[in-house]
Amino acid sequence: MKTYDVLIIGAGPAGMTAAIYAIRANMSVLMIDKLSPGGQMVNTNEIENYTGSGSVNGAELSMQMFEHTQELGVEFDYKTVLDIVDNGETKTVICEEDDARFETRTIIIATGTVPRRLNVAGEDNFAGTGISWCAICDGAQYRDKNVVVIGGGNSAVEESIYLAGITSSLTIVTMFDLTADPKACDQLRAMDNVTIHPYQDVLEFTGEGSLDGVRFKSTKEDATEHHVKCDGVFEYIGLMPTSESFKHLGILNDFGFIEVDDEMNSSVKGIYGAGDITSKKLRQIITACSDGAIAANSAAKYVESLKG
Ligand SMILES: Cc1cc2nc3c(=O)[nH]c(=O)nc-3n(C[C@H](O)[C@H](O)[C@H](O)COP(=O)(O)OP(=O)(O)OC[C@H]3O[C@@H](n4cnc5c(N)ncnc54)[C@H](O)[C@@H]3O)c2cc1C
């Protein structure tokens, strides 16, 4: 069986950039994804902060990045990785489909995250159109419009401060009270166009064809119901790392993200993390690409050292 120099799990921006750097470092590369290449970019309508691209559709940028990998000769396979076995200088990657197995000297894990969802009525209908998980990315669409933010933690509050600055009205609906840093909470509360509804359960996203509001109910004894009209909703109830398959390697922190150093090394030699799956502050396309480049560079140096 062929032993690859590097096997990349996940073909989002982190994985695809890692693939470009790895193949240009003369390594044999296999990139695997369970879905179409692009990761979260595929479902992003407008990307406006990727350097040099102006405003670009997410699916289009995904295709451009993927074509770049293909022009350089990166092997790609549609597979779902279930397990990694660390044999020391080689590793075995086991996939769901037909129990497929691949041998490799190094692995770059770039499996990203999935936003935690509320799983309430209407959510699937409006996901990606009226409901977003990224204010930096989609907030500008709601300039001078009415927006609801779900959540009360740091992300929710910080993104709400940004959104409240550009929208006409911002309503926060949260299960508890605001739990973010007090200074940020004070700043948000002081904004004129912000209304906060603490201790609420979201019941439903409403609208015929397009989103027009959110229905929620107090968790207090009175259980009062509200229906707030809005043009858009941002959900910030947490991110879930796609890392279940890598738990046994001992490379995850308490929240399930891969702990890496500045060179993207995990605690297992020859295994690297890149992109949103790693423990980091800013989860964006550009930072995912940067991680991918660094991880590939580290993998190349390690492979070189193995080959003597
Ligand atoms: C709605 C939305 C809008 C956004 N807009 C912007 C924006 O405008 N600008 C910006 O910079 N950032 C934006 N972001 C953030 C950005 O998309 C992410 O930071 C970036 O995609 C992370 O890249 P990644 O490669 O680390 O992971 P991902 O893009 O999440 O890619 C991970 C890939 O791994 C694959 N995978 C996962 N598990 C497995 C497995 N077991 N086996 C095989 N494959 C697997 C997945 O299918 C996926 O393709 C947005 C995010 C969202 C959700």
# chains A, B, ... in the order shown; residues from 1 in each chain; ligands from 1
call {"tool": "residues_around", "arguments": {"residues": "A:Ile109", "least_positions_apart": "2", "cutoff": "8 Å", "atoms": "only C-alpha atoms", "output": "CSV table (one decimal) with C-alpha atoms, in the first residue's frame"}}
result
chain,number,residue,atom,x,y,z
A,8,ILE,CA,-5.1,16.1,5.0
A,9,ILE,CA,-8.5,15.6,6.6
A,10,GLY,CA,-10.9,18.3,5.6
A,15,GLY,CA,-7.0,21.9,4.3
A,107,ILE,CA,-1.6,14.0,9.1
A,111,THR,CA,-12.0,19.3,10.1
A,271,ILE,CA,0.0,15.1,13.6
A,272,TYR,CA,-0.9,18.7,13.0
A,273,GLY,CA,-4.0,20.8,13.5
A,274,ALA,CA,-5.1,23.7,11.2
A,277,ILE,CA,-10.5,22.9,14.8
call {"tool": "residues_around", "arguments": {"residues": "stretch 58-70 of chain A", "least_positions_apart": "3", "cutoff": "7 Å", "atoms": "only C-alpha atoms", "output": "list in words"}}
result
Met16, Ala19, Ile20, Pro37, Gly38, Met41, Val42, Asn43, Thr44, Asn45, Glu46, Ile47, Gly73 and Val74 of chain A
call {"tool": "write_last_selection", "arguments": {"atoms": "N, CA and C atoms", "output": "mmCIF file, in the first residue's frame"}}
result
data_model
loop_
_atom_site.group_PDB
_atom_site.id
_atom_site.type_symbol
_atom_site.label_atom_id
_atom_site.label_comp_id
_atom_site.auth_asym_id
_atom_site.auth_seq_id
_atom_site.Cartn_x
_atom_site.Cartn_y
_atom_site.Cartn_z
ATOM 1 N N MET A 16 -7.191 22.965 2.185
ATOM 2 C CA MET A 16 -6.779 23.206 0.789
ATOM 3 C C MET A 16 -5.476 23.997 0.728
ATOM 4 N N ALA A 19 -2.719 21.667 1.484
ATOM 5 C CA ALA A 19 -2.451 20.799 0.323
ATOM 6 C C ALA A 19 -1.552 21.522 -0.691
ATOM 7 N N ILE A 20 -1.833 22.800 -0.929
ATOM 8 C CA ILE A 20 -1.038 23.584 -1.897
ATOM 9 C C ILE A 20 0.417 23.701 -1.420
ATOM 10 N N PRO A 37 -15.504 20.116 -1.524
ATOM 11 C CA PRO A 37 -14.436 20.977 -1.028
ATOM 12 C C PRO A 37 -14.951 22.398 -0.778
ATOM 13 N N GLY A 38 -14.417 23.015 0.273
ATOM 14 C CA GLY A 38 -14.804 24.403 0.578
ATOM 15 C C GLY A 38 -15.154 24.597 2.037
ATOM 16 N N MET A 41 -17.154 27.654 3.785
ATOM 17 C CA MET A 41 -17.251 28.695 2.736
ATOM 18 C C MET A 41 -18.367 28.373 1.748
ATOM 19 N N VAL A 42 -18.597 27.086 1.522
ATOM 20 C CA VAL A 42 -19.586 26.667 0.519
ATOM 21 C C VAL A 42 -20.953 27.280 0.828
ATOM 22 N N ASN A 43 -21.254 27.396 2.116
ATOM 23 C CA ASN A 43 -22.579 27.900 2.508
ATOM 24 C C ASN A 43 -22.579 29.386 2.832
ATOM 25 N N THR A 44 -21.537 30.069 2.437
ATOM 26 C CA THR A 44 -21.460 31.500 2.724
ATOM 27 C C THR A 44 -21.738 32.267 1.448
ATOM 28 N N ASN A 45 -22.724 33.117 1.539
ATOM 29 C CA ASN A 45 -23.159 33.842 0.356
ATOM 30 C C ASN A 45 -22.096 34.811 -0.141
ATOM 31 N N GLU A 46 -21.696 35.707 0.722
ATOM 32 C CA GLU A 46 -20.813 36.806 0.315
ATOM 33 C C GLU A 46 -19.621 36.843 1.261
ATOM 34 N N ILE A 47 -18.427 36.712 0.729
ATOM 35 C CA ILE A 47 -17.227 36.868 1.555
ATOM 36 C C ILE A 47 -16.590 38.190 1.150
ATOM 37 N N GLY A 73 -1.904 19.051 -8.771
ATOM 38 C CA GLY A 73 -1.867 17.585 -8.741
ATOM 39 C C GLY A 73 -2.173 16.948 -7.397
ATOM 40 N N VAL A 74 -2.866 17.673 -6.521
ATOM 41 C CA VAL A 74 -3.248 17.093 -5.219
ATOM 42 C C VAL A 74 -4.306 16.008 -5.435
#
call {"tool": "residues_near_ligand", "arguments": {"ligand": "ligand 1", "cutoff": "6 Å", "atoms": "only C-alpha atoms and all ligand atoms", "output": "VMD selection string"}}
result
chain A and resid 9 to 15 32 to 35 37 to 41 44 47 to 50 79 to 82 110 to 113 132 to 134 137 242 275 to 277 283 to 286 288
call {"tool": "closest_residue", "arguments": {"among": "A:Ile237, A:Ala156, A:Ile23, A:Ile94", "to": "A:Leu118", "atoms": "only C-alpha atoms"}}
result
A:Ile237
call {"tool": "residues_around", "arguments": {"residues": "A:Asn26", "least_positions_apart": "4", "cutoff": "10 Å", "atoms": "only C-alpha atoms", "output": "list in words"}}
result
Asp5, Tyr21, Ala22 and Ala300 of chain A
call {"tool": "write_last_selection", "arguments": {"atoms": "C-alpha atoms", "output": "short mmCIF file (atom, residue, chain, number, x, y, z; two decimals), in the first residue's frame"}}
result
data_model
loop_
_atom_site.label_atom_id
_atom_site.label_comp_id
_atom_site.auth_asym_id
_atom_site.auth_seq_id
_atom_site.Cartn_x
_atom_site.Cartn_y
_atom_site.Cartn_z
CA ASP A 5 3.88 11.96 3.00
CA TYR A 21 1.95 24.16 0.39
CA ALA A 22 2.53 20.45 0.91
CA ALA A 300 7.47 18.86 5.26
#
call {"tool": "closest_residue", "arguments": {"among": "A:Phe216, A:Asp177, A:Asn253, A:Asp77", "to": "A:Glu97", "atoms": "only C-alpha atoms"}}
result
A:Asp77
call {"tool": "select_by_dssp", "arguments": {"residues": "stretch 7-215 of chain A", "states": "helix (DSSP H, G or I)", "output": "count of residues only"}}
result
65
call {"tool": "select_by_dssp", "arguments": {"residues": "stretch 52-247 of chain A", "states": "strand (DSSP E)", "output": "number ranges by chain"}}
result
A: 56-57, 75-78, 81-86, 91-95, 101-109, 113-115, 131-132, 146-150, 169-173, 194-197, 200-206, 213-218, 225-229, 232-235, 239-241
call {"tool": "closest_residue", "arguments": {"among": "A:Cys289, A:Lys247, A:Gly270, A:Gln200", "to": "A:Leu306", "atoms": "only C-alpha atoms"}}
result
A:Gly270
call {"tool": "residues_around", "arguments": {"residues": "A:Asn125", "least_positions_apart": "5", "cutoff": "12 Å", "atoms": "only C-alpha atoms", "output": "JSON list (two decimals) with N, CA, C and O atoms, in the first residue's frame"}}
result
[["chain", "number", "residue", "atom", "x", "y", "z"],
["A", 119, "ASN", "N", -32.07, 23.84, 17.02],
["A", 119, "ASN", "CA", -32.98, 22.75, 16.65],
["A", 119, "ASN", "C", -34.43, 23.07, 16.99],
["A", 119, "ASN", "O", -35.10, 22.30, 17.69],
["A", 120, "VAL", "N", -34.88, 24.23, 16.54],
["A", 120, "VAL", "CA", -36.29, 24.58, 16.72],
["A", 120, "VAL", "C", -36.94, 24.75, 15.35],
["A", 120, "VAL", "O", -36.24, 24.85, 14.33],
["A", 130, "GLY", "N", -31.96, 33.75, 6.15],
["A", 130, "GLY", "CA", -32.29, 34.71, 7.22],
["A", 130, "GLY", "C", -31.51, 34.47, 8.49],
["A", 130, "GLY", "O", -31.36, 35.36, 9.32],
["A", 131, "ILE", "N", -31.00, 33.24, 8.67],
["A", 131, "ILE", "CA", -30.25, 32.93, 9.91],
["A", 131, "ILE", "C", -28.78, 32.74, 9.56],
["A", 131, "ILE", "O", -28.44, 31.98, 8.66],
["A", 204, "GLU", "N", -39.53, 29.23, 17.88],
["A", 204, "GLU", "CA", -39.75, 29.08, 16.44],
["A", 204, "GLU", "C", -39.22, 30.29, 15.66],
["A", 204, "GLU", "O", -39.26, 31.41, 16.16],
["A", 205, "PHE", "N", -38.73, 30.03, 14.45],
["A", 205, "PHE", "CA", -38.43, 31.11, 13.51],
["A", 205, "PHE", "C", -39.60, 31.16, 12.54],
["A", 205, "PHE", "O", -39.98, 30.13, 11.97],
["A", 206, "THR", "N", -40.15, 32.36, 12.33],
["A", 206, "THR", "CA", -41.38, 32.45, 11.54],
["A", 206, "THR", "C", -41.12, 33.12, 10.18],
["A", 206, "THR", "O", -40.12, 33.82, 10.02],
["A", 207, "GLY", "N", -42.04, 32.92, 9.27],
["A", 207, "GLY", "CA", -41.97, 33.57, 7.96],
["A", 207, "GLY", "C", -42.42, 32.64, 6.86],
["A", 207, "GLY", "O", -42.22, 31.43, 6.95],
["A", 208, "GLU", "N", -43.05, 33.25, 5.85],
["A", 208, "GLU", "CA", -43.47, 32.50, 4.66],
["A", 208, "GLU", "C", -42.46, 32.79, 3.56],
["A", 208, "GLU", "O", -42.40, 33.91, 3.08],
["A", 209, "GLY", "N", -41.67, 31.85, 3.19],
["A", 209, "GLY", "CA", -40.66, 32.08, 2.15],
["A", 209, "GLY", "C", -39.39, 32.72, 2.70],
["A", 209, "GLY", "O", -38.31, 32.21, 2.54],
["A", 210, "SER", "N", -39.55, 33.88, 3.37],
["A", 210, "SER", "CA", -38.37, 34.47, 4.01],
["A", 210, "SER", "C", -38.67, 34.73, 5.49],
["A", 210, "SER", "O", -39.83, 34.88, 5.89],
["A", 211, "LEU", "N", -37.59, 34.79, 6.26],
["A", 211, "LEU", "CA", -37.72, 34.97, 7.71],
["A", 211, "LEU", "C", -38.37, 36.31, 8.05],
["A", 211, "LEU", "O", -38.00, 37.33, 7.47]]
call {"tool": "residues_around", "arguments": {"residues": "stretch 182-193 of chain A", "least_positions_apart": "2", "cutoff": "12 Å", "atoms": "only C-alpha atoms", "output": "PyMOL selection string"}}
result
chain A and resi 144-148+152-172+177-180+195-197
